[in-house]
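Asks: For reference, this is input22.cif, and it has mmCIF, C-alpha atoms.
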```
data_coords
loop_
_atom_site.label_atom_id
_atom_site.label_comp_id
_atom_site.auth_asym_id
_atom_site.auth_seq_id
_atom_site.Cartn_x
_atom_site.Cartn_y
_atom_site.Cartn_z
CA MET A 1 0.00 0.00 0.00
CA LYS A 2 1.36 3.42 -0.94
CA LYS A 3 1.87 5.97 1.80
CA ASP A 4 1.70 9.77 1.35
CA THR A 5 4.91 10.68 3.14
CA GLU A 6 4.59 14.35 2.18
CA ALA A 7 1.21 14.51 3.91
CA ASP A 8 2.72 12.91 7.01
CA VAL A 9 5.51 15.47 7.02
CA ARG A 10 3.02 18.33 6.66
CA THR A 11 0.95 16.95 9.51
CA ASP A 12 3.96 16.55 11.77
CA THR A 13 5.10 20.10 10.96
CA ALA A 14 1.65 21.49 11.69
CA ILE A 15 1.60 19.70 15.05
CA ARG A 16 5.02 21.05 15.95
CA VAL A 17 4.04 24.60 15.00
CA ALA A 18 0.82 24.34 17.00
CA ALA A 19 2.73 23.02 20.01
CA ILE A 20 5.28 25.86 19.84
CA PHE A 21 2.47 28.40 19.51
CA PHE A 22 0.67 26.91 22.52
CA VAL A 23 3.84 26.99 24.64
CA ALA A 24 4.43 30.62 23.62
CA ILE A 25 0.90 31.58 24.66
CA ILE A 26 1.35 29.89 28.06
CA PHE A 27 4.72 31.64 28.53
CA LEU A 28 3.25 35.04 27.76
CA ALA A 29 0.32 34.41 30.07
CA PHE A 30 2.69 33.83 32.98
CA THR A 31 5.25 36.50 32.20
CA THR A 32 3.29 39.44 30.80
CA ASP A 33 2.50 42.14 33.34
CA PRO A 34 -1.26 42.79 33.15
CA ILE A 35 -0.90 46.24 34.74
CA LYS A 36 -0.45 48.97 32.18
CA THR A 37 2.25 51.59 32.55
CA GLY A 38 0.95 55.10 33.18
CA THR A 39 0.42 57.78 35.80
CA LYS A 40 -3.21 57.18 36.71
CA GLU A 41 -3.91 55.60 40.08
CA GLY A 42 -3.50 51.84 39.71
CA ASP A 43 -1.03 52.12 36.82
CA ARG A 44 2.57 50.99 37.01
CA ALA A 45 4.66 54.16 37.21
CA PRO A 46 6.90 54.90 34.21
CA ALA A 47 10.67 54.85 34.58
CA LEU A 48 12.32 57.81 36.28
CA THR A 49 16.06 58.11 35.71
CA GLY A 50 18.82 60.68 35.41
CA MET A 51 21.65 62.30 37.29
CA ALA A 52 20.63 63.37 40.78
CA TYR A 53 22.01 65.83 43.29
CA ASN A 54 22.07 64.57 46.89
CA GLY A 55 23.61 67.56 48.60
CA SER A 56 27.23 66.61 48.04
CA GLY A 57 27.40 65.70 44.36
CA TRP A 58 25.68 64.30 41.29
CA THR A 59 25.16 60.55 40.99
CA SER A 60 23.17 58.25 38.74
CA PHE A 61 19.54 57.81 39.81
CA ASP A 62 17.08 55.07 38.94
CA MET A 63 13.68 54.95 40.64
CA ASP A 64 13.71 51.15 40.41
CA ASP A 65 16.39 51.11 43.12
CA TYR A 66 13.76 52.41 45.55
CA LEU A 67 11.16 49.78 44.70
CA THR A 68 10.36 46.31 46.04
CA PRO A 69 8.70 44.42 43.15
CA ASN A 70 7.45 41.55 45.34
CA TRP A 71 5.93 43.84 47.99
CA THR A 72 2.44 42.89 49.16
CA ALA A 73 -0.13 45.08 50.86
CA GLY A 74 0.19 44.90 54.63
CA ASP A 75 3.98 44.62 54.65
CA PRO A 76 5.11 47.59 56.78
CA THR A 77 8.76 47.21 55.77
CA GLY A 78 8.13 48.34 52.21
CA GLN A 79 9.25 51.90 51.52
CA TRP A 80 6.95 54.21 49.56
CA LEU A 81 8.03 57.03 47.27
CA LEU A 82 6.70 60.55 46.80
CA VAL A 83 7.73 61.97 43.41
CA GLU A 84 7.50 65.72 42.88
CA PHE A 85 7.79 67.29 39.43
CA MET A 86 8.96 70.87 39.86
CA ASP A 87 10.66 73.84 38.22
CA THR A 88 13.06 76.04 40.18
CA ASP A 89 11.42 79.15 38.69
CA CYS A 90 7.84 77.96 39.32
CA GLY A 91 6.07 80.26 41.75
CA PHE A 92 3.86 77.49 43.09
CA CYS A 93 6.93 75.26 43.62
CA LEU A 94 8.61 78.06 45.54
CA ARG A 95 5.46 78.53 47.60
CA ASP A 96 5.27 74.81 48.43
CA ALA A 97 9.01 74.38 49.14
CA SER A 98 8.61 74.85 52.88
CA LYS A 99 5.73 72.38 53.16
CA VAL A 100 7.48 69.81 50.96
CA GLY A 101 10.59 70.04 53.13
CA GLN A 102 8.61 69.55 56.33
CA ASN A 103 6.72 66.59 54.87
CA SER A 104 9.87 64.95 53.59
CA ASN A 105 11.64 65.15 56.95
CA TYR A 106 8.59 63.77 58.74
CA PHE A 107 7.74 60.88 56.42
CA MET A 108 11.38 59.98 55.73
CA LYS A 109 11.69 59.74 59.53
CA LEU A 110 14.35 62.42 59.77
CA GLY A 111 12.37 64.11 62.52
CA GLY A 112 9.00 63.79 64.23
CA ASP A 113 7.13 60.72 65.42
CA TRP A 114 5.75 59.21 62.20
CA GLN A 115 4.79 55.60 62.94
CA GLY A 116 3.97 54.52 59.40
CA PRO A 117 6.32 53.15 56.72
CA VAL A 118 9.20 55.20 55.37
CA VAL A 119 8.16 57.42 52.47
CA ASN A 120 11.16 58.55 50.45
CA PHE A 121 10.96 61.82 48.54
CA VAL A 122 12.50 62.69 45.17
CA ALA A 123 12.14 65.82 43.06
CA SER A 124 12.40 65.77 39.28
CA ALA A 125 13.52 69.29 38.35
CA THR A 126 12.56 70.37 34.87
CA GLU A 127 12.72 73.57 32.83
CA LEU A 128 9.28 74.61 31.64
CA ASN A 129 9.02 76.20 28.22
CA ILE A 130 8.01 79.54 29.72
CA GLN A 131 9.81 82.86 29.37
CA GLY A 132 12.11 83.43 32.32
CA HIS A 133 12.23 79.76 33.31
CA ASP A 134 15.90 79.30 32.54
CA SER A 135 17.34 76.72 34.90
CA SER A 136 20.60 74.83 35.32
CA ARG A 137 22.20 72.27 37.58
CA ALA A 138 23.63 75.11 39.64
CA GLU A 139 20.13 76.48 40.12
CA ILE A 140 18.79 73.05 41.08
CA GLN A 141 21.52 72.76 43.71
CA ALA A 142 20.78 76.26 45.02
CA PHE A 143 17.05 75.58 45.21
CA ARG A 144 17.55 72.30 47.09
CA ASP A 145 20.21 73.65 49.44
CA LYS A 146 18.66 77.12 49.74
CA SER A 147 22.05 78.65 49.01
CA GLY A 148 24.31 80.18 46.41
CA GLU A 149 24.04 83.11 44.08
CA GLU A 150 21.48 81.61 41.70
CA THR A 151 18.06 83.12 41.07
CA CYS A 152 14.85 81.16 41.57
CA GLY A 153 11.68 82.83 40.33
CA GLY A 154 13.31 86.25 40.16
CA ASN A 155 14.79 86.19 43.66
CA SER A 156 17.80 84.62 45.30
CA CYS A 157 17.32 80.87 45.77
CA ALA A 158 18.78 81.38 49.25
CA ASN A 159 15.67 83.37 50.16
CA ARG A 160 13.04 80.81 49.19
CA ASP A 161 10.61 79.66 51.87
CA GLY A 162 11.54 76.84 54.22
CA ASN A 163 14.80 75.11 55.00
CA ALA A 164 17.24 73.20 52.84
CA HIS A 165 15.82 69.90 51.56
CA ASN A 166 17.23 66.52 52.49
CA PHE A 167 16.07 64.50 49.49
CA VAL A 168 17.52 64.03 46.01
CA TYR A 169 16.83 66.26 43.02
CA VAL A 170 16.95 64.65 39.58
CA ASP A 171 18.15 66.70 36.60
CA ASP A 172 15.22 66.67 34.16
CA LEU A 173 16.07 69.93 32.42
CA ASP A 174 15.38 68.26 29.07
CA ALA A 175 11.90 67.26 30.40
CA ASP A 176 12.33 63.61 29.37
CA ASN A 177 10.90 62.33 32.65
CA MET A 178 8.15 64.92 32.63
CA ASP A 179 7.14 63.92 29.10
CA ALA A 180 7.21 60.21 29.96
CA TRP A 181 4.92 60.87 32.93
CA LYS A 182 2.73 63.20 30.82
CA VAL A 183 2.89 65.94 33.44
CA PRO A 184 1.29 69.14 32.05
CA GLY A 185 2.67 71.54 34.66
CA THR A 186 4.38 71.98 38.00
CA PRO A 187 4.20 71.18 40.79
CA ALA A 188 2.76 67.69 40.38
CA TYR A 189 2.93 64.95 42.99
CA PHE A 190 2.68 61.16 42.77
CA LEU A 191 2.66 58.69 45.66
CA ILE A 192 4.17 55.39 44.54
CA GLN A 193 3.64 52.11 46.38
CA PRO A 194 6.72 50.01 47.20
CA ASP A 195 5.90 47.77 44.21
CA GLY A 196 5.87 50.68 41.76
CA ILE A 197 2.11 51.14 41.43
CA VAL A 198 0.74 54.70 41.46
CA ALA A 199 -1.35 54.97 44.62
CA TRP A 200 -2.20 58.66 44.38
CA ALA A 201 -1.77 61.54 41.94
CA SER A 202 -2.31 65.19 42.80
CA ALA A 203 -4.04 65.85 39.48
CA GLU A 204 -6.76 63.35 40.44
CA ASN A 205 -7.08 64.61 44.01
CA GLN A 206 -6.86 68.38 43.89
CA ASN A 207 -8.71 68.81 47.18
CA GLU A 208 -6.43 66.50 49.18
CA GLU A 209 -3.09 67.55 50.62
CA VAL A 210 -0.04 65.38 49.96
CA ALA A 211 0.49 64.68 53.67
CA ASP A 212 -3.14 63.64 54.15
CA ALA A 213 -2.91 61.26 51.21
CA ILE A 214 0.29 59.68 52.53
CA ILE A 215 -1.23 59.09 55.96
CA ARG A 216 -4.47 57.71 54.54
CA LEU A 217 -2.95 55.36 51.99
CA THR A 218 0.16 54.06 53.75
CA LEU A 219 -1.71 53.23 56.93
CA GLU A 220 -4.49 51.49 54.98
CA ALA A 221 -2.08 49.31 52.96
#
```
Can I see the file as structure tokens?
Replies:
Amino acid sequence: MKKDTEADVRTDTAIRVAAIFFVAIIFLAFTTDPIKTGTKEGDRAPALTGMAYNGSGWTSFDMDDYLTPNWTAGDPTGQWLLVEFMDTDCGFCLRDASKVGQNSNYFMKLGGDWQGPVVNFVASATELNIQGHDSSRAEIQAFRDKSGEETCGGNSCANRDGNAHNFVYVDDLDADNMDAWKVPGTPAYFLIQPDGIVAWASAENQNEEVADAIIRLTLEA
């Protein structure tokens, strides 16, 4: 009896292709992150990188270094992150500088009696495309440290409200981070869970203060 060997080969090939396709689908199902990247509450926060000033010099910064991917709600050891997008010439940023400094010291446990988890602060300093908003690394340093001969918003950075800040400032003068996060203006604040999920965004909660949101969300988690 004659046998159609070509048909057998085609059948075997089809089976192999189907098997590979099935394995690929299973692999994707187990490895693909179902949470979309974005800046709405519940999204996975976009990347935030750059050179950052910590008070003594500029070093490489990557937000991922602050995150705990396997964190689960209820774990008090996980450290949260408050991201501020700001401009050293922004009047509202200058106005909020004192409050931001007080909040950062309190929630980073540098002073006060905060009993919740550590909330690290980081500022992403951009240069808005507005006349007179001409910034530089020297101006970022002066704004953070409240020192130097640089001008912030038309006045000496040394005269801005509040004390020197104790958290890092990321150089985003090219607005790459701001564009990736789709931030329309400054200041803008995002509270990030230890696993990198956006827990709160100021644009979605304009009637809630940053400190109130931190207390509410970190103590609920």
Asks: Take the PyMOL selection byres ((chain A and resi 86-97) around 8), run it mentally on this structure, and tell me the resulting residues as an MDAnalysis selection string.
Replies: chainID A and resid 84:85 98:101 123:128 132:135 139:140 143 152:154 160:162 186:188
Asks: Would you work out the distance separating atom CA of A:Thr151 from atom CA of A:Ser136, expressed in Å to one decimal?
Replies: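 We find that atom CA of A:Thr151 and atom CA of A:Ser136 lie 10.4 Å from each other.
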Asks: To one decimal in Å, tell me the separation between atom CA of A:Ala180 and atom CA of A:Cys157.
Replies: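 Atom-to-atom, atom CA of A:Ala180 and atom CA of A:Cys157 are spaced 27.9 Å apart.
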Asks: Do you have the atom CA of A:Arg137-atom CA of A:Leu82 distance handy?
Replies: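 Taking atom CA of A:Arg137 as the start and atom CA of A:Leu82 as the end point, the length is 21.5 Å.
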Asks: Report as a compact mmCIF listing (two decimals) with C-alpha atoms, in the frame of the given file the residues that result from applying the PyMOL selection byres ((chain A and resi 46) around 9) to the structure here.
Replies:
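Dumped everything to result.txt:
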```txt
# COMPACT_ATOMS: atom_id res chain seq x y z
CA THR A 37 2.25 51.59 32.55
CA GLY A 38 0.95 55.10 33.18
CA THR A 39 0.42 57.78 35.80
CA ASP A 43 -1.03 52.12 36.82
CA ARG A 44 2.57 50.99 37.01
CA ALA A 45 4.66 54.16 37.21
CA ALA A 47 10.67 54.85 34.58
CA LEU A 48 12.32 57.81 36.28
CA ASN A 177 10.90 62.33 32.65
CA ALA A 180 7.21 60.21 29.96
CA TRP A 181 4.92 60.87 32.93
CA GLY A 196 5.87 50.68 41.76
```
Asks: Write out as a list in words the residues lying within 9 Å of A:Ser147, counting all atoms listed in the file and excluding same-chain residues fewer than 4 positions away.
Replies: Gln141, Ala142, Phe143, Ser156, Cys157, Ala158, Asn159 and Ala164 of chain A
Asks: I would like the residues chosen by the PyMOL selection byres ((chain A and resi 104) around 9) on the shown file; could you give them as a list in words?
Replies: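 So the PyMOL selection byres ((chain A and resi 104) around 9) ends up selecting Leu82, Lys99, Val100, Gly101, Gln102, Asn103, Asn105, Tyr106, Phe107, Met108, Lys109, Leu110, Val119, Asn120, Phe121, His165, Asn166 and Phe167 of chain A.
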